$ cat target05.tsv   # TSV, C-alpha atoms (C1' of nucleotides)
chain	number	residue	atom	x	y	z
O	1	MET	CA	131.74	-27.85	-128.07
O	2	THR	CA	131.48	-29.26	-124.59
O	3	ALA	CA	128.32	-29.23	-122.50
O	4	GLU	CA	129.90	-26.60	-120.29
O	5	ASP	CA	130.49	-24.25	-123.18
O	6	SER	CA	126.90	-24.66	-124.23
O	7	VAL	CA	125.79	-23.56	-120.78
O	8	ASP	CA	128.12	-20.56	-120.88
O	9	GLU	CA	126.79	-19.51	-124.26
O	10	LEU	CA	123.24	-19.89	-123.04
O	11	ILE	CA	123.92	-17.84	-119.94
O	12	ASP	CA	125.40	-15.13	-122.10
O	13	ALA	CA	122.28	-15.07	-124.28
O	14	LEU	CA	120.04	-15.15	-121.24
O	15	VAL	CA	121.79	-12.18	-119.66
O	16	ARG	CA	121.69	-10.19	-122.87
O	17	CYS	CA	118.03	-11.04	-123.26
O	18	THR	CA	117.42	-9.93	-119.69
O	19	PHE	CA	119.01	-6.56	-120.32
O	20	GLN	CA	117.03	-6.23	-123.52
O	21	VAL	CA	113.70	-6.86	-121.83
O	22	THR	CA	114.73	-4.70	-118.89
O	23	GLY	CA	115.44	-1.91	-121.35
O	24	VAL	CA	111.96	-2.22	-122.83
O	25	LEU	CA	110.37	-2.19	-119.39
O	26	THR	CA	112.47	0.74	-118.23
O	27	ARG	CA	111.55	2.79	-121.27
O	28	ILE	CA	107.84	2.05	-120.95
O	29	GLY	CA	108.03	2.79	-117.24
O	30	ALA	CA	109.80	6.08	-117.85
O	31	ASP	CA	107.11	7.11	-120.35
O	32	ASN	CA	104.63	6.73	-117.50
O	33	ASP	CA	106.79	8.15	-114.71
O	34	MET	CA	107.35	4.73	-113.22
O	35	SER	CA	110.64	3.15	-112.27
O	36	LEU	CA	111.43	-0.50	-112.90
O	37	THR	CA	110.96	-1.17	-109.21
O	38	GLN	CA	107.54	0.41	-109.22
O	39	LEU	CA	106.63	-1.76	-112.19
O	40	ARG	CA	107.58	-4.78	-110.14
O	41	VAL	CA	105.54	-3.60	-107.20
O	42	PHE	CA	102.52	-3.16	-109.42
O	43	GLY	CA	103.06	-6.55	-111.03
O	44	ILE	CA	102.96	-8.16	-107.60
O	45	LEU	CA	100.03	-6.20	-106.22
O	46	ARG	CA	97.99	-6.77	-109.34
O	47	ASP	CA	96.07	-9.57	-107.72
O	48	ARG	CA	97.21	-9.42	-104.12
O	49	ARG	CA	97.18	-7.30	-101.02
O	50	LEU	CA	100.40	-7.58	-99.07
O	51	ARG	CA	101.92	-6.24	-95.91
O	52	VAL	CA	104.98	-4.05	-96.27
O	53	THR	CA	107.44	-6.67	-95.05
O	54	ASP	CA	106.18	-9.32	-97.46
O	55	LEU	CA	106.35	-6.91	-100.34
O	56	ALA	CA	109.92	-6.04	-99.42
O	57	ALA	CA	110.81	-9.73	-99.17
O	58	TYR	CA	109.29	-10.43	-102.57
O	59	LEU	CA	111.40	-7.73	-104.14
O	60	GLY	CA	114.51	-8.35	-102.10
O	61	LEU	CA	114.42	-4.79	-100.79
O	62	ASP	CA	114.73	-3.25	-97.38
O	63	LYS	CA	111.58	-2.27	-95.50
O	64	SER	CA	112.69	1.33	-95.46
O	65	THR	CA	113.00	1.30	-99.24
O	66	MET	CA	109.45	0.00	-99.46
O	67	SER	CA	108.18	2.80	-97.24
O	68	GLY	CA	109.47	5.39	-99.66
O	69	LEU	CA	108.18	3.58	-102.74
O	70	ILE	CA	104.74	3.23	-101.21
O	71	ASP	CA	104.77	6.85	-100.05
O	72	ARG	CA	105.35	8.17	-103.53
O	73	ALA	CA	102.85	5.84	-105.17
O	74	GLU	CA	100.28	6.69	-102.52
O	75	ARG	CA	100.81	10.40	-103.09
O	76	ARG	CA	99.98	9.79	-106.75
O	77	GLY	CA	96.86	7.88	-105.80
O	78	LEU	CA	98.09	4.59	-107.26
O	79	LEU	CA	98.47	2.60	-104.04
O	80	ALA	CA	96.80	2.75	-100.65
O	81	ARG	CA	97.60	1.58	-97.13
O	82	ALA	CA	95.26	-0.01	-94.62
O	83	LYS	CA	95.86	-1.08	-91.06
O	84	ASN	CA	95.34	-4.71	-90.29
O	85	PRO	CA	92.58	-4.78	-87.65
O	86	SER	CA	93.87	-7.92	-85.96
O	87	ASP	CA	97.46	-6.70	-85.65
O	88	GLY	CA	98.02	-3.02	-85.16
O	89	ARG	CA	101.61	-3.12	-86.34
O	90	VAL	CA	100.81	-4.44	-89.77
O	91	VAL	CA	100.15	-2.18	-92.76
O	92	GLU	CA	98.65	-3.73	-95.86
O	93	VAL	CA	99.26	-2.29	-99.26
O	94	PHE	CA	96.97	-2.59	-102.26
O	95	MET	CA	96.28	-0.93	-105.57
O	96	THR	CA	93.63	1.72	-106.07
O	97	PRO	CA	91.35	1.69	-109.12
O	98	LEU	CA	93.65	4.32	-110.63
O	99	GLY	CA	96.58	2.02	-110.01
O	100	HIS	CA	94.77	-0.83	-111.70
O	101	SER	CA	93.98	1.18	-114.79
O	102	LEU	CA	97.58	2.35	-115.04
O	103	THR	CA	98.75	-1.24	-114.73
O	104	GLN	CA	96.45	-2.23	-117.53
O	105	ARG	CA	97.81	0.48	-119.79
O	106	LEU	CA	101.39	-0.52	-118.98
O	107	ASP	CA	100.53	-4.13	-119.71
O	108	GLY	CA	99.26	-3.18	-123.12
O	109	GLU	CA	102.40	-1.24	-123.88
O	110	VAL	CA	104.65	-4.10	-122.82
O	111	ARG	CA	102.68	-6.49	-124.99
O	112	ALA	CA	102.87	-4.12	-127.92
O	113	ALA	CA	106.61	-3.74	-127.47
O	114	LEU	CA	107.48	-7.43	-127.15
O	115	THR	CA	104.94	-9.06	-129.44
O	116	PRO	CA	106.72	-8.15	-132.69
O	117	ASP	CA	109.88	-9.95	-131.57
O	118	LEU	CA	107.97	-12.97	-130.34
O	119	ALA	CA	105.89	-13.08	-133.50
O	120	ARG	CA	109.08	-14.05	-135.29
O	121	LEU	CA	108.70	-17.44	-133.64
O	122	HIS	CA	106.22	-20.07	-134.82
O	123	PRO	CA	103.40	-20.77	-132.38
O	124	THR	CA	105.00	-24.13	-131.72
O	125	GLN	CA	108.27	-22.45	-130.90
O	126	ARG	CA	106.54	-20.03	-128.56
O	127	THR	CA	105.05	-22.94	-126.66
O	128	GLN	CA	108.49	-24.52	-126.50
O	129	LEU	CA	110.07	-21.33	-125.24
O	130	LEU	CA	107.42	-21.03	-122.56
O	131	THR	CA	108.23	-24.53	-121.40
O	132	LEU	CA	111.96	-24.01	-121.47
O	133	LEU	CA	111.70	-20.85	-119.37
O	134	GLN	CA	109.96	-22.65	-116.53
O	135	PRO	CA	113.08	-23.85	-114.70
O	136	LEU	CA	114.19	-20.23	-114.45
O	137	LEU	CA	111.03	-18.89	-112.93
O	138	PRO	CA	110.70	-18.34	-109.21
O	139	ALA	CA	109.88	-21.50	-107.35
O	140	GLU	CA	106.27	-22.37	-106.54
L	1	MET	CA	93.61	-21.08	-126.20
L	2	THR	CA	94.12	-18.60	-129.00
L	3	ALA	CA	97.49	-17.65	-130.44
L	4	GLU	CA	97.18	-14.27	-128.78
L	5	ASP	CA	96.77	-15.81	-125.36
L	6	SER	CA	99.85	-17.90	-125.94
L	7	VAL	CA	101.84	-14.74	-126.64
L	8	ASP	CA	100.49	-13.08	-123.51
L	9	GLU	CA	101.40	-16.04	-121.39
L	10	LEU	CA	104.86	-16.13	-122.90
L	11	ILE	CA	105.37	-12.44	-122.28
L	12	ASP	CA	104.37	-12.94	-118.69
L	13	ALA	CA	106.90	-15.73	-118.27
L	14	LEU	CA	109.54	-13.71	-120.06
L	15	VAL	CA	109.05	-10.72	-117.78
L	16	ARG	CA	109.12	-12.87	-114.67
L	17	CYS	CA	112.24	-14.58	-115.93
L	18	THR	CA	113.78	-11.18	-116.59
L	19	PHE	CA	113.14	-10.06	-113.02
L	20	GLN	CA	114.52	-13.34	-111.76
L	21	VAL	CA	117.78	-13.03	-113.65
L	22	THR	CA	117.97	-9.35	-112.78
L	23	GLY	CA	117.65	-10.31	-109.14
L	24	VAL	CA	120.56	-12.72	-109.43
L	25	LEU	CA	122.70	-10.13	-111.17
L	26	THR	CA	121.78	-7.42	-108.67
L	27	ARG	CA	122.68	-9.63	-105.75
L	28	ILE	CA	126.01	-10.67	-107.23
L	29	GLY	CA	126.72	-7.07	-108.11
L	30	ALA	CA	125.90	-5.91	-104.59
L	31	ASP	CA	128.25	-8.54	-103.15
L	32	ASN	CA	131.00	-6.86	-105.15
L	33	ASP	CA	129.91	-3.25	-104.67
L	34	MET	CA	128.68	-3.02	-108.22
L	35	SER	CA	125.30	-1.81	-109.43
L	36	LEU	CA	123.39	-3.47	-112.22
L	37	THR	CA	124.33	-0.61	-114.51
L	38	GLN	CA	128.00	-1.00	-113.72
L	39	LEU	CA	127.68	-4.68	-114.55
L	40	ARG	CA	126.29	-3.72	-117.92
L	41	VAL	CA	129.12	-1.27	-118.50
L	42	PHE	CA	131.66	-3.95	-117.72
L	43	GLY	CA	129.90	-6.43	-119.95
L	44	ILE	CA	130.16	-4.03	-122.84
L	45	LEU	CA	133.74	-2.93	-122.25
L	46	ARG	CA	134.93	-6.48	-121.78
L	47	ASP	CA	136.24	-6.63	-125.33
L	48	ARG	CA	135.86	-3.05	-126.50
L	49	ARG	CA	137.06	0.48	-125.95
L	50	LEU	CA	134.31	2.99	-126.43
L	51	ARG	CA	133.83	6.73	-126.31
L	52	VAL	CA	131.52	8.06	-123.62
L	53	THR	CA	128.70	8.91	-126.01
L	54	ASP	CA	128.67	5.45	-127.61
L	55	LEU	CA	128.65	3.83	-124.20
L	56	ALA	CA	125.71	6.00	-123.15
L	57	ALA	CA	123.87	5.12	-126.37
L	58	TYR	CA	124.47	1.40	-125.82
L	59	LEU	CA	122.96	1.62	-122.36
L	60	GLY	CA	120.25	4.11	-123.22
L	61	LEU	CA	121.57	6.53	-120.61
L	62	ASP	CA	122.37	10.20	-120.61
L	63	LYS	CA	125.97	11.28	-121.16
L	64	SER	CA	125.98	12.94	-117.76
L	65	THR	CA	124.97	9.68	-116.12
L	66	MET	CA	127.89	8.00	-117.87
L	67	SER	CA	130.30	10.63	-116.55
L	68	GLY	CA	129.37	9.78	-113.00
L	69	LEU	CA	129.49	6.04	-113.53
L	70	ILE	CA	132.91	6.29	-115.14
L	71	ASP	CA	134.16	8.63	-112.41
L	72	ARG	CA	133.33	6.20	-109.65
L	73	ALA	CA	134.72	3.18	-111.50
L	74	GLU	CA	137.86	5.12	-112.35
L	75	ARG	CA	138.31	6.12	-108.73
L	76	ARG	CA	138.25	2.42	-107.87
L	77	GLY	CA	140.82	1.67	-110.55
L	78	LEU	CA	138.44	-0.46	-112.60
L	79	LEU	CA	138.11	1.76	-115.66
L	80	ALA	CA	140.35	4.34	-117.28
L	81	ARG	CA	139.90	7.26	-119.66
L	82	ALA	CA	142.12	8.23	-122.58
L	83	LYS	CA	141.90	11.18	-124.92
L	84	ASN	CA	141.51	10.39	-128.56
L	85	PRO	CA	144.59	11.91	-130.25
L	86	SER	CA	142.80	12.63	-133.53
L	87	ASP	CA	139.82	14.38	-131.90
L	88	GLY	CA	140.46	16.33	-128.74
L	89	ARG	CA	136.82	16.26	-127.66
L	90	VAL	CA	136.56	12.50	-127.49
L	91	VAL	CA	137.25	10.50	-124.36
L	92	GLU	CA	137.65	6.78	-124.71
L	93	VAL	CA	136.85	4.43	-121.86
L	94	PHE	CA	138.37	1.02	-121.28
L	95	MET	CA	138.89	-1.51	-118.55
L	96	THR	CA	142.03	-1.74	-116.47
L	97	PRO	CA	143.61	-5.11	-115.63
L	98	LEU	CA	141.94	-4.81	-112.24
L	99	GLY	CA	138.61	-4.27	-113.99
L	100	HIS	CA	139.20	-7.33	-116.14
L	101	SER	CA	139.93	-9.54	-113.18
L	102	LEU	CA	136.85	-8.31	-111.37
L	103	THR	CA	134.77	-9.02	-114.46
L	104	GLN	CA	136.13	-12.52	-114.59
L	105	ARG	CA	135.20	-13.12	-110.98
L	106	LEU	CA	131.71	-11.74	-111.53
L	107	ASP	CA	131.33	-13.96	-114.59
L	108	GLY	CA	132.16	-16.98	-112.53
L	109	GLU	CA	129.61	-16.05	-109.89
L	110	VAL	CA	126.89	-15.51	-112.47
L	111	ARG	CA	127.67	-18.88	-114.03
L	112	ALA	CA	127.60	-20.53	-110.64
L	113	ALA	CA	124.27	-18.93	-109.81
L	114	LEU	CA	122.46	-19.76	-113.04
L	115	THR	CA	123.97	-23.10	-113.98
L	116	PRO	CA	121.96	-25.14	-111.47
L	117	ASP	CA	118.67	-23.91	-112.96
L	118	LEU	CA	119.84	-24.45	-116.50
L	119	ALA	CA	121.18	-27.87	-115.64
L	120	ARG	CA	117.58	-28.91	-115.15
L	121	LEU	CA	117.28	-28.80	-118.93
L	122	HIS	CA	118.65	-31.50	-121.21
L	123	PRO	CA	121.57	-30.40	-123.39
L	124	THR	CA	119.21	-30.57	-126.36
L	125	GLN	CA	116.77	-28.30	-124.61
L	126	ARG	CA	119.51	-25.85	-123.78
L	127	THR	CA	120.44	-25.63	-127.44
L	128	GLN	CA	116.79	-25.10	-128.27
L	129	LEU	CA	116.43	-22.37	-125.69
L	130	LEU	CA	119.50	-20.64	-127.04
L	131	THR	CA	117.96	-20.67	-130.50
L	132	LEU	CA	114.60	-19.45	-129.31
L	133	LEU	CA	116.13	-16.52	-127.45
L	134	GLN	CA	117.79	-15.18	-130.58
L	135	PRO	CA	114.84	-13.08	-131.84
L	136	LEU	CA	114.88	-11.23	-128.53
L	137	LEU	CA	118.52	-10.29	-128.59
L	138	PRO	CA	119.67	-6.85	-129.73
L	139	ALA	CA	119.72	-6.52	-133.48
L	140	GLU	CA	122.96	-6.59	-135.49
V	1	DC	C1'	102.68	-6.76	-66.53
V	2	DT	C1'	106.97	-6.52	-68.12
V	3	DA	C1'	110.95	-8.06	-71.37
V	4	DG	C1'	111.79	-9.01	-75.76
V	5	DA	C1'	110.42	-9.54	-80.48
V	6	DT	C1'	108.12	-7.80	-84.65
V	7	DT	C1'	106.31	-4.09	-87.91
V	8	DG	C1'	106.75	-0.06	-90.07
V	9	DT	C1'	108.61	4.78	-90.33
V	10	DT	C1'	112.21	8.20	-90.05
V	11	DT	C1'	116.79	9.93	-90.82
V	12	DG	C1'	121.22	10.05	-92.97
V	13	DT	C1'	124.16	8.79	-96.74
V	14	DA	C1'	125.51	7.19	-101.35
V	15	DA	C1'	124.47	5.97	-106.08
V	16	DT	C1'	121.61	6.43	-110.23
V	17	DG	C1'	119.56	9.18	-113.64
V	18	DC	C1'	117.68	13.31	-115.99
V	19	DC	C1'	117.95	18.08	-117.61
V	20	DA	C1'	120.11	22.37	-118.45
V	21	DA	C1'	124.12	25.02	-118.63
V	22	DC	C1'	128.81	25.10	-119.52
V	23	DT	C1'	133.70	24.30	-121.60
V	24	DA	C1'	136.54	22.55	-125.09
V	25	DC	C1'	137.11	21.23	-129.50
V	26	DC	C1'	136.19	20.49	-134.38
V	27	DT	C1'	134.18	21.81	-139.15
V	28	DG	C1'	132.31	24.74	-142.77
V	29	DC	C1'	131.99	28.75	-144.81
V	30	DC	C1'	133.25	33.43	-145.93
X	1	DG	C1'	142.73	32.97	-141.32
X	2	DG	C1'	138.65	33.53	-138.51
X	3	DC	C1'	134.20	33.08	-136.91
X	4	DA	C1'	129.40	30.46	-136.50
X	5	DG	C1'	127.51	26.46	-135.46
X	6	DG	C1'	127.75	21.71	-134.13
X	7	DT	C1'	129.66	17.83	-131.25
X	8	DA	C1'	131.84	15.64	-126.88
X	9	DG	C1'	132.13	15.61	-122.04
X	10	DT	C1'	131.66	17.60	-117.58
X	11	DT	C1'	129.29	20.03	-113.92
X	12	DG	C1'	125.48	21.33	-110.86
X	13	DG	C1'	120.81	20.77	-109.33
X	14	DC	C1'	117.09	17.83	-108.47
X	15	DA	C1'	114.20	13.50	-107.62
X	16	DT	C1'	114.35	8.57	-106.95
X	17	DT	C1'	116.27	4.29	-105.30
X	18	DA	C1'	118.53	1.76	-101.77
X	19	DC	C1'	120.68	0.58	-97.36
X	20	DA	C1'	121.60	0.87	-92.41
X	21	DA	C1'	120.67	2.48	-87.96
X	22	DA	C1'	117.63	4.40	-84.70
X	23	DC	C1'	113.02	4.89	-83.39
X	24	DA	C1'	107.76	4.30	-82.11
X	25	DA	C1'	104.02	1.28	-81.80
X	26	DT	C1'	102.32	-3.08	-81.10
X	27	DC	C1'	102.23	-7.85	-79.97
X	28	DT	C1'	103.59	-12.14	-77.18
X	29	DA	C1'	105.82	-15.06	-73.53
X	30	DG	C1'	106.65	-15.77	-69.25

$ encode --input "target05.tsv" --output "structure tokens"
Amino acid sequence: MTAEDSVDELIDALVRCTFQVTGVLTRIGADNDMSLTQLRVFGILRDRRLRVTDLAAYLGLDKSTMSGLIDRAERRGLLARAKNPSDGRVVEVFMTPLGHSLTQRLDGEVRAALTPDLARLHPTQRTQLLTLLQPLLPAE
Amino acid sequence: MTAEDSVDELIDALVRCTFQVTGVLTRIGADNDMSLTQLRVFGILRDRRLRVTDLAAYLGLDKSTMSGLIDRAERRGLLARAKNPSDGRVVEVFMTPLGHSLTQRLDGEVRAALTPDLARLHPTQRTQLLTLLQPLLPAE
DNA sequence: CTAGATTGTTTGTAATGCCAACTACCTGCC
DNA sequence: GGCAGGTAGTTGGCATTACAAACAATCTAG
């Protein structure tokens, strides 16, 4: 087996793994009336307050898509908007307490769903896996 | 750090990695007028011919969602339907030559996009990563 | 103070996805 | 054989996601 083949095989596994995890997240989201995209939004806003454009850039989405997402989450009381006092154009988005508690519940469900699979690895292997995933994570 | 924390941290990395790879796939799909779901369909049908219901089950989607997906792909000449001669209710779905060639191109783009990141790992590490991902892959 | 850039929203369109209702077909049972 | 019930797919209706283009409000340079 050449080095190239080993990369191909790894990519195949990585993509399948991605779809697997995505499936888990989608299901958990659906159980809580949240789309995958909303899950991502909440993951980002967990410890941040961002303007609409930055949020869109983070997610690789159009600003207009963000507007709609925020609208619906705001209507459910999960997110809120605030005008930036020093620049009247800017709208900052952040999570409400209700949003935070929902995020916490979702977190628990994701943990509960994935832990069994990961428990099949030895603690040492888990540490290894964590290390090996680093090059794939977003820069900085 | 307790063993539980190590799992949490790993899950966090795994989810971020999932979104990262999903982002790559979504972008490549968009460049070729294909949604993430269509990519999944093509990945499954690459070496198979499946009935609509089985395809829907594989993807965790409703049959009616599959109908639409197949319709649009069929209209583009990428997929085709055939009646099962031994059971008149069943419709089997498979890829056309055009669909196969598109899949091949997409494959190449995915490889090109992910290889640089994976190349940052030693061949030994890549083999390790492949092994460690196994428990997360779909059963069977 | 005005021209141009930036920020966010609105509007229009297409795709995704669910549910419920429907058609077509098959299978069991009488 | 014939009908009741189950299975396979499609259709129609609805909400969400997503983009692009046009727009309003605000800021910044000159």

$ atom_distance --input "target05.tsv" --atom1 "CA of Thr124 in chain L" --atom2 "CA of Asp8 in chain O"
14.5 Å

$ atom_distance --input "target05.tsv" --atom1 "CA of Ile28 in chain L" --atom2 "CA of Glu74 in chain L"
20.4 Å

$ calpha_fit_and_write --input "target05.tsv" --fixed "chain L" --moving "chain O" --output "tab-separated table (two decimals) with C-alpha atoms, keeping the file's coordinate frame"
chain	number	residue	atom	x	y	z
O	1	MET	CA	93.64	-21.06	-126.23
O	2	THR	CA	94.13	-18.56	-129.01
O	3	ALA	CA	97.50	-17.60	-130.46
O	4	GLU	CA	97.18	-14.24	-128.77
O	5	ASP	CA	96.76	-15.77	-125.35
O	6	SER	CA	99.82	-17.88	-125.94
O	7	VAL	CA	101.82	-14.74	-126.63
O	8	ASP	CA	100.47	-13.07	-123.50
O	9	GLU	CA	101.40	-16.06	-121.38
O	10	LEU	CA	104.85	-16.14	-122.90
O	11	ILE	CA	105.38	-12.45	-122.27
O	12	ASP	CA	104.36	-12.95	-118.68
O	13	ALA	CA	106.91	-15.76	-118.28
O	14	LEU	CA	109.55	-13.73	-120.06
O	15	VAL	CA	109.06	-10.75	-117.77
O	16	ARG	CA	109.12	-12.90	-114.67
O	17	CYS	CA	112.25	-14.60	-115.94
O	18	THR	CA	113.80	-11.21	-116.58
O	19	PHE	CA	113.16	-10.09	-113.03
O	20	GLN	CA	114.52	-13.37	-111.75
O	21	VAL	CA	117.78	-13.06	-113.65
O	22	THR	CA	117.98	-9.37	-112.79
O	23	GLY	CA	117.66	-10.33	-109.14
O	24	VAL	CA	120.56	-12.75	-109.44
O	25	LEU	CA	122.70	-10.15	-111.17
O	26	THR	CA	121.79	-7.45	-108.67
O	27	ARG	CA	122.67	-9.66	-105.74
O	28	ILE	CA	126.01	-10.71	-107.22
O	29	GLY	CA	126.73	-7.10	-108.10
O	30	ALA	CA	125.90	-5.93	-104.60
O	31	ASP	CA	128.26	-8.55	-103.13
O	32	ASN	CA	131.01	-6.87	-105.14
O	33	ASP	CA	129.91	-3.26	-104.66
O	34	MET	CA	128.68	-3.03	-108.22
O	35	SER	CA	125.31	-1.82	-109.41
O	36	LEU	CA	123.40	-3.48	-112.23
O	37	THR	CA	124.34	-0.59	-114.48
O	38	GLN	CA	128.00	-1.00	-113.71
O	39	LEU	CA	127.68	-4.68	-114.54
O	40	ARG	CA	126.30	-3.69	-117.91
O	41	VAL	CA	129.11	-1.24	-118.49
O	42	PHE	CA	131.66	-3.92	-117.72
O	43	GLY	CA	129.88	-6.42	-119.94
O	44	ILE	CA	130.15	-4.00	-122.84
O	45	LEU	CA	133.72	-2.90	-122.24
O	46	ARG	CA	134.89	-6.46	-121.80
O	47	ASP	CA	136.19	-6.59	-125.33
O	48	ARG	CA	135.84	-3.02	-126.51
O	49	ARG	CA	137.05	0.49	-125.95
O	50	LEU	CA	134.31	3.04	-126.43
O	51	ARG	CA	133.85	6.76	-126.30
O	52	VAL	CA	131.54	8.12	-123.64
O	53	THR	CA	128.70	8.95	-126.02
O	54	ASP	CA	128.68	5.49	-127.58
O	55	LEU	CA	128.67	3.86	-124.19
O	56	ALA	CA	125.74	6.02	-123.14
O	57	ALA	CA	123.89	5.15	-126.35
O	58	TYR	CA	124.48	1.45	-125.81
O	59	LEU	CA	122.98	1.64	-122.36
O	60	GLY	CA	120.26	4.12	-123.19
O	61	LEU	CA	121.61	6.55	-120.61
O	62	ASP	CA	122.40	10.22	-120.64
O	63	LYS	CA	125.99	11.34	-121.15
O	64	SER	CA	125.99	13.00	-117.77
O	65	THR	CA	124.98	9.73	-116.14
O	66	MET	CA	127.91	8.05	-117.86
O	67	SER	CA	130.32	10.67	-116.56
O	68	GLY	CA	129.40	9.84	-113.00
O	69	LEU	CA	129.52	6.08	-113.53
O	70	ILE	CA	132.93	6.32	-115.13
O	71	ASP	CA	134.16	8.68	-112.41
O	72	ARG	CA	133.35	6.24	-109.66
O	73	ALA	CA	134.72	3.22	-111.49
O	74	GLU	CA	137.87	5.14	-112.34
O	75	ARG	CA	138.33	6.14	-108.72
O	76	ARG	CA	138.26	2.44	-107.86
O	77	GLY	CA	140.82	1.69	-110.54
O	78	LEU	CA	138.45	-0.45	-112.60
O	79	LEU	CA	138.12	1.79	-115.66
O	80	ALA	CA	140.36	4.37	-117.28
O	81	ARG	CA	139.93	7.29	-119.66
O	82	ALA	CA	142.14	8.26	-122.57
O	83	LYS	CA	141.93	11.20	-124.92
O	84	ASN	CA	141.52	10.41	-128.56
O	85	PRO	CA	144.58	11.93	-130.26
O	86	SER	CA	142.78	12.66	-133.51
O	87	ASP	CA	139.82	14.41	-131.89
O	88	GLY	CA	140.44	16.34	-128.74
O	89	ARG	CA	136.82	16.29	-127.66
O	90	VAL	CA	136.55	12.54	-127.52
O	91	VAL	CA	137.27	10.52	-124.37
O	92	GLU	CA	137.65	6.78	-124.71
O	93	VAL	CA	136.86	4.47	-121.87
O	94	PHE	CA	138.37	1.04	-121.29
O	95	MET	CA	138.88	-1.48	-118.55
O	96	THR	CA	142.03	-1.72	-116.48
O	97	PRO	CA	143.60	-5.09	-115.64
O	98	LEU	CA	141.91	-4.81	-112.24
O	99	GLY	CA	138.62	-4.26	-113.99
O	100	HIS	CA	139.18	-7.31	-116.14
O	101	SER	CA	139.93	-9.54	-113.19
O	102	LEU	CA	136.84	-8.31	-111.38
O	103	THR	CA	134.76	-9.00	-114.47
O	104	GLN	CA	136.12	-12.50	-114.59
O	105	ARG	CA	135.20	-13.13	-110.98
O	106	LEU	CA	131.70	-11.75	-111.54
O	107	ASP	CA	131.33	-13.96	-114.59
O	108	GLY	CA	132.17	-17.00	-112.53
O	109	GLU	CA	129.63	-16.07	-109.91
O	110	VAL	CA	126.89	-15.52	-112.47
O	111	ARG	CA	127.65	-18.88	-114.04
O	112	ALA	CA	127.61	-20.56	-110.66
O	113	ALA	CA	124.29	-18.95	-109.81
O	114	LEU	CA	122.47	-19.76	-113.06
O	115	THR	CA	123.96	-23.11	-114.00
O	116	PRO	CA	121.95	-25.15	-111.48
O	117	ASP	CA	118.67	-23.91	-112.96
O	118	LEU	CA	119.83	-24.46	-116.52
O	119	ALA	CA	121.16	-27.90	-115.66
O	120	ARG	CA	117.55	-28.93	-115.17
O	121	LEU	CA	117.24	-28.81	-118.94
O	122	HIS	CA	118.60	-31.52	-121.23
O	123	PRO	CA	121.50	-30.42	-123.42
O	124	THR	CA	119.16	-30.60	-126.37
O	125	GLN	CA	116.72	-28.33	-124.62
O	126	ARG	CA	119.48	-25.87	-123.80
O	127	THR	CA	120.39	-25.67	-127.46
O	128	GLN	CA	116.74	-25.12	-128.28
O	129	LEU	CA	116.40	-22.39	-125.70
O	130	LEU	CA	119.48	-20.66	-127.06
O	131	THR	CA	117.93	-20.68	-130.51
O	132	LEU	CA	114.56	-19.48	-129.32
O	133	LEU	CA	116.10	-16.54	-127.46
O	134	GLN	CA	117.75	-15.18	-130.59
O	135	PRO	CA	114.81	-13.10	-131.84
O	136	LEU	CA	114.86	-11.24	-128.54
O	137	LEU	CA	118.49	-10.32	-128.58
O	138	PRO	CA	119.65	-6.91	-129.74
O	139	ALA	CA	119.86	-6.65	-133.48
O	140	GLU	CA	123.16	-7.29	-135.27

$ closest_atom_pairs --input "target05.tsv" --of "chain X" --to "chain L" --cutoff "12 Å" --atoms "only C-alpha atoms (C1' of nucleotides)" --output "JSON lines"
{"residue": "X:DT7", "atom": "C1'", "partner": "L:Arg89", "partner_atom": "CA", "distance": 8.2}
{"residue": "X:DA8", "atom": "C1'", "partner": "L:Arg89", "partner_atom": "CA", "distance": 5.1}
{"residue": "X:DG9", "atom": "C1'", "partner": "L:Arg89", "partner_atom": "CA", "distance": 7.3}
{"residue": "X:DT10", "atom": "C1'", "partner": "L:Ser67", "partner_atom": "CA", "distance": 7.2}
{"residue": "X:DT11", "atom": "C1'", "partner": "L:Ser64", "partner_atom": "CA", "distance": 8.7}
{"residue": "X:DG12", "atom": "C1'", "partner": "L:Ser64", "partner_atom": "CA", "distance": 10.9}
{"residue": "X:DT17", "atom": "C1'", "partner": "L:Ser35", "partner_atom": "CA", "distance": 11.7}
{"residue": "X:DA18", "atom": "C1'", "partner": "L:Ser35", "partner_atom": "CA", "distance": 10.8}
{"residue": "X:DC19", "atom": "C1'", "partner": "L:Ala30", "partner_atom": "CA", "distance": 11.0}

$ interface_residues --input "target05.tsv" --of "chain O" --to "chain L" --cutoff "7 Å" --atoms "only C-alpha atoms" --output "ChimeraX atom specification"
/O:3,10,13,16-18,20-22,117,120,123,129-130,132,135-138

$ closest_atom_pairs --input "target05.tsv" --of "chain V" --to "chain L" --cutoff "9 Å" --atoms "all atoms listed in the file" --output "JSON lines"
{"residue": "V:DA15", "atom": "C1'", "partner": "L:Ser35", "partner_atom": "CA", "distance": 8.5}
{"residue": "V:DT16", "atom": "C1'", "partner": "L:Thr65", "partner_atom": "CA", "distance": 7.5}
{"residue": "V:DG17", "atom": "C1'", "partner": "L:Thr65", "partner_atom": "CA", "distance": 6.0}
{"residue": "V:DC18", "atom": "C1'", "partner": "L:Asp62", "partner_atom": "CA", "distance": 7.3}
{"residue": "V:DA24", "atom": "C1'", "partner": "L:Arg89", "partner_atom": "CA", "distance": 6.8}
{"residue": "V:DC25", "atom": "C1'", "partner": "L:Arg89", "partner_atom": "CA", "distance": 5.3}
{"residue": "V:DC26", "atom": "C1'", "partner": "L:Asp87", "partner_atom": "CA", "distance": 7.5}

$ atom_distance --input "target05.tsv" --atom1 "CA of Leu50 in chain L" --atom2 "CA of Glu92 in chain L"
5.3 Å

$ closest_residue --input "target05.tsv" --among "O:Ala80, O:Ile70, O:Ala30, O:His122" --to "His100 in chain O" --atoms "all atoms listed in the file"
O:Ala80
